[in-house]
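my_file.cif follows (mmCIF, C-alpha atoms and all ligand atoms):
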data_work
loop_
_atom_site.label_atom_id
_atom_site.label_comp_id
_atom_site.auth_asym_id
_atom_site.auth_seq_id
_atom_site.Cartn_x
_atom_site.Cartn_y
_atom_site.Cartn_z
CA MET A 83 19.23 -4.40 -14.98
CA ASP A 84 17.80 -0.91 -15.49
CA LEU A 85 15.27 0.62 -13.14
CA LYS A 86 12.32 0.05 -15.46
CA THR A 87 13.10 -3.64 -15.77
CA LEU A 88 13.66 -3.91 -12.04
CA TYR A 89 10.33 -2.18 -11.42
CA ARG A 90 8.53 -4.62 -13.70
CA GLU A 91 10.26 -7.63 -12.11
CA VAL A 92 9.41 -6.54 -8.58
CA ILE A 93 5.78 -5.75 -9.42
CA LEU A 94 5.34 -9.08 -11.19
CA ASP A 95 7.02 -11.01 -8.39
CA HIS A 96 4.72 -9.50 -5.74
CA TYR A 97 1.68 -9.85 -8.02
CA LYS A 98 2.30 -13.53 -8.71
CA GLN A 99 3.28 -14.33 -5.13
CA PRO A 100 1.77 -11.70 -2.86
CA ARG A 101 3.18 -11.76 0.68
CA ASN A 102 1.15 -12.05 3.87
CA THR A 103 -2.12 -13.17 2.32
CA ALA A 104 -3.10 -15.67 5.02
CA GLU A 105 -6.15 -14.43 6.92
CA LEU A 106 -5.22 -13.59 10.53
CA ARG A 107 -6.84 -15.62 13.27
CA ASN A 108 -7.39 -12.75 15.67
CA PRO A 109 -6.90 -9.41 13.95
CA ASN A 110 -7.76 -6.48 16.22
CA ARG A 111 -8.00 -3.97 13.37
CA GLU A 112 -9.39 -4.36 9.89
CA ALA A 113 -10.50 -2.09 7.06
CA LYS A 114 -11.22 -2.29 3.37
CA CYS A 115 -10.54 -0.21 0.32
CA ARG A 116 -12.19 -0.27 -3.09
CA ASN A 117 -10.93 1.40 -6.22
CA PRO A 118 -13.97 1.10 -8.52
CA SER A 119 -12.35 2.80 -11.49
CA CYS A 120 -9.99 -0.18 -11.79
CA GLY A 121 -11.84 -2.88 -9.82
CA ASP A 122 -9.26 -3.27 -7.04
CA LYS A 123 -10.54 -4.50 -3.66
CA ILE A 124 -8.21 -4.93 -0.71
CA SER A 125 -8.81 -5.74 2.95
CA VAL A 126 -6.06 -5.18 5.48
CA GLN A 127 -6.01 -6.98 8.81
CA LEU A 128 -3.68 -6.01 11.65
CA SER A 129 -2.70 -7.55 14.93
CA ILE A 130 -1.46 -4.76 17.14
CA GLU A 131 0.20 -5.48 20.47
CA ASP A 132 2.02 -2.97 22.67
CA GLY A 133 1.99 -0.31 19.95
CA ARG A 134 3.51 -2.61 17.37
CA VAL A 135 2.13 -4.33 14.26
CA THR A 136 2.90 -7.92 15.18
CA ASP A 137 1.08 -9.37 12.18
CA VAL A 138 -0.57 -8.15 9.01
CA ALA A 139 -2.55 -9.63 6.17
CA MET A 140 -3.79 -8.26 2.89
CA LEU A 141 -6.71 -10.01 1.20
CA GLY A 142 -8.40 -9.17 -2.03
CA ASN A 143 -7.87 -8.89 -5.70
CA GLY A 144 -7.17 -6.40 -8.39
CA CYS A 145 -4.59 -5.30 -10.90
CA ALA A 146 -0.87 -6.04 -10.64
CA ILE A 147 0.02 -2.61 -9.26
CA SER A 148 -2.62 -2.70 -6.50
CA GLN A 149 -1.65 -6.21 -5.43
CA ALA A 150 2.09 -5.61 -5.60
CA SER A 151 1.85 -2.33 -3.71
CA ALA A 152 -0.29 -3.92 -0.96
CA SER A 153 2.03 -6.92 -0.77
CA MET A 154 5.07 -4.64 -0.39
CA MET A 155 3.15 -2.62 2.19
CA THR A 156 2.68 -5.70 4.39
CA GLU A 157 6.42 -6.38 4.31
CA ALA A 158 7.15 -2.74 5.14
CA VAL A 159 4.90 -2.60 8.22
CA LYS A 160 5.20 -6.07 9.76
CA GLY A 161 6.96 -5.93 13.11
CA ARG A 162 7.15 -2.12 13.07
CA SER A 163 5.92 0.29 15.73
CA ILE A 164 2.77 2.28 14.94
CA GLU A 165 4.97 5.38 14.87
CA ASP A 166 7.19 3.87 12.18
CA VAL A 167 4.17 2.68 10.20
CA GLU A 168 2.66 6.18 10.25
CA ALA A 169 5.96 7.62 9.04
CA VAL A 170 6.26 5.11 6.19
CA MET A 171 2.62 5.77 5.16
CA ALA A 172 3.29 9.50 5.04
CA GLU A 173 6.45 9.12 2.95
CA PHE A 174 4.80 6.67 0.56
CA SER A 175 1.91 9.05 0.02
CA GLU A 176 4.36 11.93 -0.49
CA MET A 177 6.08 9.89 -3.20
CA ILE A 178 3.04 8.43 -4.97
CA VAL A 179 0.19 10.90 -4.49
CA LYS A 180 2.08 14.19 -4.39
CA GLY A 181 4.77 12.98 -6.75
CA SER A 182 7.21 14.91 -4.59
CA PRO A 183 10.92 14.15 -5.04
CA ASP A 184 11.51 15.10 -1.39
CA PHE A 185 10.37 11.88 0.25
CA ASP A 186 12.60 10.01 2.70
CA ARG A 187 14.28 7.32 0.58
CA ALA A 188 16.00 5.69 3.51
CA ARG A 189 12.71 5.24 5.32
CA LEU A 190 10.95 3.80 2.28
CA GLY A 191 13.71 1.31 1.46
CA ASP A 192 12.58 -1.12 -1.25
CA LEU A 193 9.30 0.78 -1.68
CA VAL A 194 11.10 3.43 -3.77
CA ILE A 195 10.79 0.97 -6.64
CA MET A 196 7.15 2.19 -6.83
CA GLU A 197 8.22 5.78 -7.50
CA GLY A 198 7.46 5.46 -11.22
CA VAL A 199 3.76 4.97 -10.44
CA ALA A 200 3.52 8.65 -9.48
CA ARG A 201 4.02 9.46 -13.16
CA LEU A 202 1.27 7.05 -14.24
CA HIS A 203 -1.58 9.13 -12.89
CA ALA A 204 -4.27 6.57 -13.66
CA ARG A 205 -2.46 4.02 -11.48
CA VAL A 206 -1.93 6.18 -8.40
CA ARG A 207 -5.15 4.91 -6.83
CA CYS A 208 -4.17 1.32 -7.59
CA ALA A 209 -0.91 1.84 -5.73
CA MET A 210 -2.68 3.55 -2.82
CA CYS A 211 -5.50 1.03 -2.35
CA GLY A 212 -3.73 -1.24 0.17
CA TRP A 213 -2.22 1.77 1.93
CA SER A 214 -5.62 3.45 2.25
CA ALA A 215 -6.96 0.26 3.83
CA LEU A 216 -3.98 0.25 6.19
CA GLU A 217 -4.57 3.86 7.17
CA ALA A 218 -8.26 3.18 7.78
CA ALA A 219 -7.44 0.08 9.84
CA LEU A 220 -5.33 2.30 12.10
CA HIS A 221 -7.55 5.39 12.26
CA ASP A 222 -11.05 4.23 11.40
CA PRO A 223 -11.24 0.45 11.96
CA GLY A 224 -14.08 -1.26 10.14
CA ALA A 225 -14.24 1.43 7.48
CA GLU A 226 -14.67 0.66 3.82
CA ILE A 227 -12.88 3.31 1.80
CA ASN A 228 -14.05 4.06 -1.72
CA LEU A 229 -11.24 5.82 -3.56
CA ASP A 230 -13.72 7.33 -6.02
CA ASN A 231 -15.00 9.45 -3.12
CA GLU A 232 -11.62 10.37 -1.68
CA ASP A 233 -10.16 13.83 -1.63
CA GLY A 234 -6.43 14.19 -1.64
CA MET A 235 -5.94 12.13 -4.78
CA PRO A 236 -4.52 14.01 -7.72
CA ALA A 237 -7.24 15.36 -9.99
CA SER A 238 -5.52 13.78 -12.96
CA SER A 239 -6.14 10.33 -11.45
CA ARG A 240 -9.90 10.90 -11.48
CA GLY A 241 -11.77 9.09 -14.21
ZN ZN A 301 -5.78 -1.15 -10.23
#

Represent the structure of the file as structure tokens.
Amino acid sequence: MDLKTLYREVILDHYKQPRNTAELRNPNREAKCRNPSCGDKISVQLSIEDGRVTDVAMLGNGCAISQASASMMTEAVKGRSIEDVEAVMAEFSEMIVKGSPDFDRARLGDLVIMEGVARLHARVRCAMCGWSALEAALHDPGAEINLDNEDGMPASSRG
């Protein structure tokens, strides 16, 4: 199976059966992200105990890339320390937003399958929607991020 086929299979698998979509009973952090240019809307809920993400949920709807990326995000952060989560967020952003080849592959693990999105500029925001909600849940709980207003996204992904 070549990488393109694998990419499509993984995206479709997560899109059809997104992981961790059951609303948490007692989340202590939550934030939302909207990507109006595509129509993606994702909420991320976190249960954080002793500096660790003990549970995570992603709720919402949108295109296949936004849903698959958010679904993979939940698998990547569940059970991890906040420190690890911050590191994974930074590497994912390095890969997708900056399109840098210098990201930490070992740390990203299965998430490297999303690398191709960096070349599809119009989809970068789709891929980042769940991650932006995650970042807001950690740093600005209760926030509702609108990616149309965000700096730091590549100019070519605007419009
Ligand atoms: Zn989208």

(message) Report, in Å to a single decimal, how far apart CA of Asp222 (chain A) and CA of Asp137 (chain A) are.
(response) 18.2 Å

(request) Could you give me the residues within 6 Å of ligand ZN 301 (chain A), counting only C-alpha atoms and all ligand atoms, as JSON, numbers by chain? (result) {"A": [120, 122, 144, 145, 148, 208]}

Could you write out the selected residues, including C-alpha atoms, as a PDB file, in the coordinates of the input?
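selection_26.pdb, freshly written:
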ATOM      1  CA  CYS A 120      -9.990  -0.180 -11.790  1.00  0.00           C
ATOM      2  CA  ASP A 122      -9.260  -3.270  -7.040  1.00  0.00           C
ATOM      3  CA  GLY A 144      -7.170  -6.400  -8.390  1.00  0.00           C
ATOM      4  CA  CYS A 145      -4.590  -5.300 -10.900  1.00  0.00           C
ATOM      5  CA  SER A 148      -2.620  -2.700  -6.500  1.00  0.00           C
ATOM      6  CA  CYS A 208      -4.170   1.320  -7.590  1.00  0.00           C
TER       7      CYS A 208
END

Residues within 7 Å of Val199 (chain A), all atoms listed in the file, excluding chain neighbours under 4 positions, as a tab-separated table (two decimals) with C-alpha atoms, in the frame of the given file:
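The file below, selection03.tsv, is the result:
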chain	number	residue	atom	x	y	z
A	178	ILE	CA	3.04	8.43	-4.97
A	205	ARG	CA	-2.46	4.02	-11.48
A	206	VAL	CA	-1.93	6.18	-8.40

(request) Would you work out the distance separating CA of Gly161 (chain A) from CA of Trp213 (chain A), expressed in Å to one decimal? (result) 16.4 Å

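Closest approach to Thr136 (chain A) from the set A:Ala219, A:Met155, A:Ala169, A:Ile164 is made by A:Ile164, with distances taken over only C-alpha atoms.
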
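Residue neighbourhood of Glu226 (chain A), excluding near-sequence residues (fewer than 4 positions): Ala113, Lys114 and Cys115 of chain A, at 7 Å, using all atoms listed in the file.
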
(message) Give me the residues near Ala172 (chain A) as a PyMOL selection string, where near means some atom within 12 Å (using all atoms listed in the file) and where sequence neighbours in that chain fewer than 6 positions away do not count.
(response) chain A and resi 165-166+178-180+182+184-186+189-190+210+213-214+216-217

Residue subset to file, keeping C-alpha atoms, as a CSV table (one decimal), in the coordinates of the input:
chain,number,residue,atom,x,y,z
A,165,GLU,CA,5.0,5.4,14.9
A,166,ASP,CA,7.2,3.9,12.2
A,178,ILE,CA,3.0,8.4,-5.0
A,179,VAL,CA,0.2,10.9,-4.5
A,180,LYS,CA,2.1,14.2,-4.4
A,182,SER,CA,7.2,14.9,-4.6
A,184,ASP,CA,11.5,15.1,-1.4
A,185,PHE,CA,10.4,11.9,0.2
A,186,ASP,CA,12.6,10.0,2.7
A,189,ARG,CA,12.7,5.2,5.3
A,190,LEU,CA,11.0,3.8,2.3
A,210,MET,CA,-2.7,3.6,-2.8
A,213,TRP,CA,-2.2,1.8,1.9
A,214,SER,CA,-5.6,3.4,2.2
A,216,LEU,CA,-4.0,0.2,6.2
A,217,GLU,CA,-4.6,3.9,7.2

(message) Counting all atoms listed in the file, find residues at most 10 Å from (1.4, -14.2, 2.5) (file frame) and give them as an MDAnalysis selection string.
(response) chainID A and resid 99:105 138:141 153 156:157
